[in-house]
Amino acid sequence: MSSSLLLYFLLDDKKVVDQCIWKDYYDENSRSVLHQGLAFTGLVSLILNCWVNIALVSSRLWYDLSYRNLTIFTVVAGVRNVVATLAYLPMFNWFELQIFSCIMFALYETFFAILEVESLNHVCIERFVLARYTANDWLIQKKHYLLYLFSSLFFTTLYTYAPVFGYGGYWYDFTCSSCTFDMILPEGYEKYVILIIFFLRSIKPAIMMVMMLFWAHLLEKRHSNKTSEGQIQFTKNVIVITTVNLLCWMPIAFIRGRILLQQLLVKNILPISSSLYLTFINCAMWLNWLSPALTVIALFIVDTRLRNVMCNLHMCDEQKKNTEETDHTKYQ
């Protein structure tokens with residue numbers, strides 16, 4: 001799909017749903033199981049995500065810019081899940097009622113999915129920058145945290161709206177009810193542009209996260225006499241949640257990457273149809289939607305400060321009023 005994005009908004013989903021190339025892979029029962037799983041995992045993630053976001057925003061942790069940077073990631077993860085979770089719940093059933101365009105849903109979900117990855121990427125970058133500043137006895141500047149936010153928004157917008165410039169498009173995903181970035185490569189040089197976009201939005205951030213955390217851990221270990229225990233522990237917490245999220249995102253990224261490479265190498269558009277492969281697709285999509293919930297569980301286990309706040313939400317307002325902007329980081 002390389003036509004103008006404006007044309008997508010004019011499509012009648014009821015007329016084009018039969019063009020979903022994945023429609024023969026699922027019968028009604030198996031597709032219903034997939035939808036129910038998405039609704040359940042999305043709802044669990046939404047509830048737990050709200051819990052951690054309330055704890056982060058309403059407590060003294062909000063005054064710590066490292067936690068505030070982490071909050072951007074958790075909030076984005078929650079916002080991404082809201083519409084999709086409601087859309088798949090039987091009581092709403094937005095997709096069948098055609099309340100909104102499938103393409104509009106794809107824009108929403110893709111934007112926040114990429115922003116979620118970029119936000120976590122910049123949480124990891126912040127750990128490296130902070131470790132480097134600490135090692136050199138520099139004062140970290142607050143404007144760095146605005147730079148993280150605007151950088152995430154810039155790259156997210158660039159990758160999401162690539163179809164506006166004629167590169168790629170949005171079409172039905174495996175559910176044949178919701179849409180995502182089209183996995184069918186066009187002809188000509190455009191297919192290489194789409195492969196580059198896939199690399200930049202899916203593979204490059206993962207490489208960056210691993211590198212940033214490795215260097216941050218190395219610097220903190222090398223300069224342990226200058227680095228506070230709070231800073232070291234926070235980096236360990238970020239390593240844990242990054243590992244959890246990469247494991248949750250990896251299966252669906254592998255499936256999409258496999259489909260793209262198949263078309264490039266053997267000209268085979270469709271993956272092999274088998275019950276085992278379809279089960280893998282289902283688990284990959286459920287795990288992807290469950291990542292915010294697993295992030296909260298991981299934070300609850302490894303982050304003592306956040307766990308105490310989450311278990312004592314009724315005390316957050318009083319604590320926030322009596323807390324000044326003091327944390328384990330030096331700011332300028």
# chains A, B, ... in the order shown; residues from 1 in each chain; ligands from 1
call {"tool": "select_by_dssp", "arguments": {"residues": "range 84-228 of chain A", "states": "helix (DSSP H, G or I)", "output": "VMD selection string"}}
result
chain A and resid 84 to 88 94 to 97 102 to 135 143 to 160 162 to 165 190 to 222
call {"tool": "select_by_dssp", "arguments": {"residues": "range 65-255 of chain A", "states": "strand (DSSP E or B)", "output": "list in words"}}
result
Ile140, Tyr170, Trp171, Tyr172, Cys179, Thr180 and Phe181 of chain A
call {"tool": "residues_around", "arguments": {"residues": "Leu115 in chain A", "least_positions_apart": "3", "cutoff": "9 Å", "atoms": "only C-alpha atoms", "output": "number ranges by chain"}}
result
A: 73, 76-77, 110-112, 118-120, 152-153, 155-157
call {"tool": "write_last_selection", "arguments": {"atoms": "C-alpha atoms", "output": "PDB file, in the first residue's frame"}}
result
ATOM      1  CA  PHE A  73       7.223   4.978  29.255  1.00  0.00           C
ATOM      2  CA  VAL A  76       2.524   5.521  26.911  1.00  0.00           C
ATOM      3  CA  ALA A  77       2.237   1.755  27.395  1.00  0.00           C
ATOM      4  CA  THR A 110       1.258   2.031  15.683  1.00  0.00           C
ATOM      5  CA  PHE A 111       2.036   5.529  16.975  1.00  0.00           C
ATOM      6  CA  PHE A 112       1.873   4.513  20.630  1.00  0.00           C
ATOM      7  CA  GLU A 118      11.313   4.777  21.859  1.00  0.00           C
ATOM      8  CA  SER A 119      10.400   5.847  25.401  1.00  0.00           C
ATOM      9  CA  LEU A 120      12.022   2.747  26.894  1.00  0.00           C
ATOM     10  CA  SER A 152      10.957   9.980  21.080  1.00  0.00           C
ATOM     11  CA  LEU A 153       8.070  11.937  19.566  1.00  0.00           C
ATOM     12  CA  PHE A 155      11.156   9.340  15.584  1.00  0.00           C
ATOM     13  CA  THR A 156       7.694   7.980  16.380  1.00  0.00           C
ATOM     14  CA  THR A 157       6.023  10.494  14.076  1.00  0.00           C
TER      15      THR A 157
END
call {"tool": "atom_distance", "arguments": {"atom1": "CA of Ser291 in chain A", "atom2": "CA of Tyr88 in chain A"}}
result
17.3 Å
call {"tool": "residues_around", "arguments": {"residues": "range 43-49 of chain A", "least_positions_apart": "2", "cutoff": "7 Å", "atoms": "only C-alpha atoms", "output": "list in words"}}
result
Ala39, Phe40, Thr41, Trp51, Val52, Asn53, Thr74, Gly78, Asn81, Val82, Thr85, Leu290, Pro292, Ala293 and Val296 of chain A
call {"tool": "write_last_selection", "arguments": {"atoms": "all heavy atoms", "output": "short mmCIF file (atom, residue, chain, number, x, y, z; two decimals), in the first residue's frame"}}
result
data_model
loop_
_atom_site.label_atom_id
_atom_site.label_comp_id
_atom_site.auth_asym_id
_atom_site.auth_seq_id
_atom_site.Cartn_x
_atom_site.Cartn_y
_atom_site.Cartn_z
N ALA A 39 -8.35 -9.37 24.59
CA ALA A 39 -9.16 -8.60 25.54
C ALA A 39 -8.70 -8.84 26.97
O ALA A 39 -8.56 -7.90 27.76
CB ALA A 39 -10.63 -8.97 25.38
N PHE A 40 -8.43 -10.10 27.30
CA PHE A 40 -8.02 -10.44 28.67
C PHE A 40 -6.65 -9.86 29.00
O PHE A 40 -6.47 -9.21 30.03
CB PHE A 40 -8.00 -11.96 28.84
CG PHE A 40 -7.47 -12.41 30.18
CD1 PHE A 40 -8.25 -12.31 31.32
CD2 PHE A 40 -6.17 -12.91 30.29
CE1 PHE A 40 -7.75 -12.71 32.56
CE2 PHE A 40 -5.67 -13.31 31.53
CZ PHE A 40 -6.46 -13.20 32.66
N THR A 41 -5.66 -10.10 28.13
CA THR A 41 -4.31 -9.59 28.39
C THR A 41 -4.29 -8.07 28.41
O THR A 41 -3.59 -7.45 29.23
CB THR A 41 -3.32 -10.11 27.34
OG1 THR A 41 -3.80 -9.80 26.03
CG2 THR A 41 -3.14 -11.61 27.47
N TRP A 51 -2.41 1.30 38.06
CA TRP A 51 -1.91 1.23 39.44
C TRP A 51 -0.52 1.85 39.56
O TRP A 51 -0.27 2.71 40.41
CB TRP A 51 -1.90 -0.23 39.88
CG TRP A 51 -1.47 -0.46 41.31
CD1 TRP A 51 -1.52 0.43 42.35
CD2 TRP A 51 -0.93 -1.67 41.85
NE1 TRP A 51 -1.06 -0.15 43.51
CE2 TRP A 51 -0.69 -1.44 43.23
CE3 TRP A 51 -0.65 -2.93 41.32
CZ2 TRP A 51 -0.15 -2.42 44.07
CZ3 TRP A 51 -0.13 -3.90 42.15
CH2 TRP A 51 0.11 -3.65 43.51
N VAL A 52 0.39 1.43 38.67
CA VAL A 52 1.76 1.94 38.77
C VAL A 52 1.84 3.41 38.38
O VAL A 52 2.62 4.18 38.96
CB VAL A 52 2.73 1.08 37.92
CG1 VAL A 52 2.58 1.38 36.43
CG2 VAL A 52 4.17 1.32 38.35
N ASN A 53 1.03 3.85 37.41
CA ASN A 53 1.07 5.25 37.00
C ASN A 53 0.55 6.18 38.09
O ASN A 53 1.09 7.27 38.30
CB ASN A 53 0.26 5.44 35.71
CG ASN A 53 0.99 4.91 34.50
OD1 ASN A 53 2.21 4.91 34.45
ND2 ASN A 53 0.24 4.46 33.50
N THR A 74 5.74 4.21 31.04
CA THR A 74 4.60 3.45 31.56
C THR A 74 3.26 4.06 31.13
O THR A 74 2.30 3.34 30.86
CB THR A 74 4.67 3.35 33.09
OG1 THR A 74 4.68 4.66 33.67
CG2 THR A 74 5.91 2.59 33.53
N GLY A 78 0.30 2.35 28.75
CA GLY A 78 -1.11 2.28 29.14
C GLY A 78 -2.03 2.88 28.10
O GLY A 78 -3.08 2.31 27.76
N ASN A 81 -2.77 0.67 25.19
CA ASN A 81 -3.67 -0.46 25.44
C ASN A 81 -5.14 -0.07 25.57
O ASN A 81 -6.01 -0.92 25.41
CB ASN A 81 -3.24 -1.18 26.73
CG ASN A 81 -2.30 -2.32 26.45
OD1 ASN A 81 -1.61 -2.31 25.45
ND2 ASN A 81 -2.26 -3.30 27.33
N VAL A 82 -5.42 1.20 25.85
CA VAL A 82 -6.79 1.59 26.19
C VAL A 82 -7.78 1.27 25.08
O VAL A 82 -8.75 0.52 25.27
CB VAL A 82 -6.86 3.09 26.54
CG1 VAL A 82 -8.30 3.55 26.63
CG2 VAL A 82 -6.13 3.37 27.84
N THR A 85 -7.99 -2.52 24.00
CA THR A 85 -8.64 -3.35 25.02
C THR A 85 -10.15 -3.16 24.99
O THR A 85 -10.92 -4.13 25.00
CB THR A 85 -8.10 -3.01 26.42
OG1 THR A 85 -6.69 -3.25 26.44
CG2 THR A 85 -8.78 -3.86 27.48
N LEU A 290 0.52 -8.17 26.85
CA LEU A 290 0.71 -8.39 28.28
C LEU A 290 1.96 -7.69 28.81
O LEU A 290 2.16 -7.64 30.03
CB LEU A 290 0.80 -9.90 28.56
CG LEU A 290 0.60 -10.38 30.00
CD1 LEU A 290 -0.79 -9.99 30.52
CD2 LEU A 290 0.78 -11.89 30.08
N PRO A 292 2.89 -4.55 29.35
CA PRO A 292 2.76 -3.55 30.43
C PRO A 292 2.51 -4.19 31.79
O PRO A 292 3.02 -3.70 32.81
CB PRO A 292 1.57 -2.70 29.97
CG PRO A 292 1.52 -2.86 28.49
CD PRO A 292 1.93 -4.27 28.26
N ALA A 293 1.71 -5.25 31.82
CA ALA A 293 1.43 -5.92 33.10
C ALA A 293 2.70 -6.56 33.65
O ALA A 293 2.99 -6.46 34.85
CB ALA A 293 0.35 -6.98 32.91
N VAL A 296 4.97 -3.96 35.18
CA VAL A 296 4.55 -3.56 36.52
C VAL A 296 4.95 -4.62 37.55
O VAL A 296 5.46 -4.29 38.63
CB VAL A 296 3.03 -3.33 36.56
CG1 VAL A 296 2.57 -3.02 37.98
CG2 VAL A 296 2.63 -2.19 35.62
#
call {"tool": "residues_around", "arguments": {"residues": "His217 in chain A", "least_positions_apart": "5", "cutoff": "9 Å", "atoms": "only C-alpha atoms", "output": "PyMOL selection string"}}
result
chain A and resi 127-128+131+212+222+232+235-236
call {"tool": "write_last_selection", "arguments": {"atoms": "all heavy atoms", "output": "PDB file, in the first residue's frame"}}
result
ATOM      1  N   ARG A 127      20.158   6.361  31.456  1.00  0.00           N
ATOM      2  CA  ARG A 127      21.036   5.700  32.421  1.00  0.00           C
ATOM      3  C   ARG A 127      22.501   5.854  32.029  1.00  0.00           C
ATOM      4  O   ARG A 127      23.371   6.067  32.870  1.00  0.00           O
ATOM      5  CB  ARG A 127      20.695   4.205  32.552  1.00  0.00           C
ATOM      6  CG  ARG A 127      19.287   3.886  32.976  1.00  0.00           C
ATOM      7  CD  ARG A 127      18.752   4.812  34.039  1.00  0.00           C
ATOM      8  NE  ARG A 127      19.519   4.756  35.278  1.00  0.00           N
ATOM      9  CZ  ARG A 127      19.438   5.667  36.239  1.00  0.00           C
ATOM     10  NH1 ARG A 127      18.674   6.727  36.084  1.00  0.00           N
ATOM     11  NH2 ARG A 127      20.157   5.534  37.343  1.00  0.00           N
ATOM     12  N   PHE A 128      22.784   5.740  30.729  1.00  0.00           N
ATOM     13  CA  PHE A 128      24.159   5.903  30.264  1.00  0.00           C
ATOM     14  C   PHE A 128      24.628   7.349  30.426  1.00  0.00           C
ATOM     15  O   PHE A 128      25.747   7.601  30.903  1.00  0.00           O
ATOM     16  CB  PHE A 128      24.282   5.474  28.800  1.00  0.00           C
ATOM     17  CG  PHE A 128      25.579   5.905  28.164  1.00  0.00           C
ATOM     18  CD1 PHE A 128      26.785   5.321  28.534  1.00  0.00           C
ATOM     19  CD2 PHE A 128      25.599   6.908  27.203  1.00  0.00           C
ATOM     20  CE1 PHE A 128      27.982   5.722  27.959  1.00  0.00           C
ATOM     21  CE2 PHE A 128      26.798   7.321  26.629  1.00  0.00           C
ATOM     22  CZ  PHE A 128      27.985   6.728  27.003  1.00  0.00           C
ATOM     23  N   ALA A 131      25.261   8.067  34.050  1.00  0.00           N
ATOM     24  CA  ALA A 131      26.482   7.400  34.508  1.00  0.00           C
ATOM     25  C   ALA A 131      27.721   8.135  34.012  1.00  0.00           C
ATOM     26  O   ALA A 131      28.711   8.290  34.751  1.00  0.00           O
ATOM     27  CB  ALA A 131      26.500   5.952  34.023  1.00  0.00           C
ATOM     28  N   MET A 212      23.367   0.793  25.646  1.00  0.00           N
ATOM     29  CA  MET A 212      23.320   1.861  26.648  1.00  0.00           C
ATOM     30  C   MET A 212      23.388   1.304  28.067  1.00  0.00           C
ATOM     31  O   MET A 212      24.111   1.819  28.927  1.00  0.00           O
ATOM     32  CB  MET A 212      22.043   2.691  26.481  1.00  0.00           C
ATOM     33  CG  MET A 212      21.968   3.521  25.202  1.00  0.00           C
ATOM     34  SD  MET A 212      23.233   4.807  25.099  1.00  0.00           S
ATOM     35  CE  MET A 212      24.394   4.032  23.961  1.00  0.00           C
ATOM     36  N   ARG A 222      32.795   0.926  37.371  1.00  0.00           N
ATOM     37  CA  ARG A 222      34.156   1.470  37.350  1.00  0.00           C
ATOM     38  C   ARG A 222      34.306   2.661  38.285  1.00  0.00           C
ATOM     39  O   ARG A 222      35.364   2.891  38.851  1.00  0.00           O
ATOM     40  CB  ARG A 222      34.516   1.855  35.928  1.00  0.00           C
ATOM     41  CG  ARG A 222      35.960   2.317  35.729  1.00  0.00           C
ATOM     42  CD  ARG A 222      36.202   2.619  34.265  1.00  0.00           C
ATOM     43  NE  ARG A 222      35.975   1.435  33.428  1.00  0.00           N
ATOM     44  CZ  ARG A 222      35.923   1.491  32.093  1.00  0.00           C
ATOM     45  NH1 ARG A 222      36.047   2.655  31.462  1.00  0.00           N
ATOM     46  NH2 ARG A 222      35.727   0.386  31.387  1.00  0.00           N
ATOM     47  N   ILE A 232      22.719   3.223  41.134  1.00  0.00           N
ATOM     48  CA  ILE A 232      23.076   1.864  40.700  1.00  0.00           C
ATOM     49  C   ILE A 232      21.858   0.952  40.710  1.00  0.00           C
ATOM     50  O   ILE A 232      21.623   0.186  39.760  1.00  0.00           O
ATOM     51  CB  ILE A 232      24.181   1.295  41.613  1.00  0.00           C
ATOM     52  CG1 ILE A 232      25.479   2.094  41.448  1.00  0.00           C
ATOM     53  CG2 ILE A 232      24.414  -0.185  41.323  1.00  0.00           C
ATOM     54  CD1 ILE A 232      26.570   1.697  42.412  1.00  0.00           C
ATOM     55  N   THR A 235      19.462   1.654  37.793  1.00  0.00           N
ATOM     56  CA  THR A 235      19.954   1.070  36.540  1.00  0.00           C
ATOM     57  C   THR A 235      19.661  -0.426  36.497  1.00  0.00           C
ATOM     58  O   THR A 235      19.251  -0.963  35.456  1.00  0.00           O
ATOM     59  CB  THR A 235      21.462   1.321  36.390  1.00  0.00           C
ATOM     60  OG1 THR A 235      21.713   2.732  36.374  1.00  0.00           O
ATOM     61  CG2 THR A 235      21.992   0.710  35.097  1.00  0.00           C
ATOM     62  N   LYS A 236      19.833  -1.108  37.626  1.00  0.00           N
ATOM     63  CA  LYS A 236      19.507  -2.538  37.683  1.00  0.00           C
ATOM     64  C   LYS A 236      18.018  -2.761  37.421  1.00  0.00           C
ATOM     65  O   LYS A 236      17.639  -3.723  36.737  1.00  0.00           O
ATOM     66  CB  LYS A 236      19.900  -3.109  39.047  1.00  0.00           C
ATOM     67  CG  LYS A 236      21.404  -3.179  39.281  1.00  0.00           C
ATOM     68  CD  LYS A 236      21.714  -3.753  40.662  1.00  0.00           C
ATOM     69  CE  LYS A 236      23.218  -3.841  40.908  1.00  0.00           C
ATOM     70  NZ  LYS A 236      23.530  -4.350  42.267  1.00  0.00           N
TER      71      LYS A 236
END
call {"tool": "residues_around", "arguments": {"residues": "Met211 in chain A", "least_positions_apart": "4", "cutoff": "10 Å", "atoms": "only C-alpha atoms", "output": "MDAnalysis selection string"}}
result
chainID A and resid 124:125 128 205:207 215:217
call {"tool": "residues_around", "arguments": {"residues": "Met183 in chain A", "least_positions_apart": "6", "cutoff": "12 Å", "atoms": "only C-alpha atoms", "output": "number ranges by chain"}}
result
A: 1, 20-22, 168-174, 191, 194-195, 197-198, 253, 255-264, 269-271
call {"tool": "atom_distance", "arguments": {"atom1": "CA of Asn282 in chain A", "atom2": "CA of Cys248 in chain A"}}
result
12.7 Å
call {"tool": "atom_distance", "arguments": {"atom1": "CA of Met310 in chain A", "atom2": "CA of Val123 in chain A"}}
result
20.8 Å
call {"tool": "closest_atom_pairs", "arguments": {"of": "range 22-58 of chain A", "to": "range 62-65 of chain A", "cutoff": "10 Å", "atoms": "only C-alpha atoms", "output": "tab-separated table"}}
result
residue	atom	partner	partner_atom	distance
A:Ala55	CA	A:Trp62	CA	8.9
A:Leu56	CA	A:Trp62	CA	5.9
A:Val57	CA	A:Trp62	CA	5.4
A:Ser58	CA	A:Trp62	CA	7.0
call {"tool": "write_last_selection", "arguments": {"atoms": "N, CA and C atoms", "output": "short mmCIF file (atom, residue, chain, number, x, y, z; two decimals), in the first residue's frame"}}
result
data_model
loop_
_atom_site.label_atom_id
_atom_site.label_comp_id
_atom_site.auth_asym_id
_atom_site.auth_seq_id
_atom_site.Cartn_x
_atom_site.Cartn_y
_atom_site.Cartn_z
N ALA A 55 0.78 5.54 41.25
CA ALA A 55 1.84 5.55 42.26
C ALA A 55 2.98 6.48 41.85
N LEU A 56 3.36 6.48 40.59
CA LEU A 56 4.47 7.29 40.12
C LEU A 56 4.13 8.78 40.11
N VAL A 57 2.92 9.10 39.68
CA VAL A 57 2.55 10.51 39.51
C VAL A 57 2.17 11.17 40.83
N SER A 58 1.56 10.42 41.73
CA SER A 58 1.00 11.02 42.95
C SER A 58 1.92 10.96 44.16
#
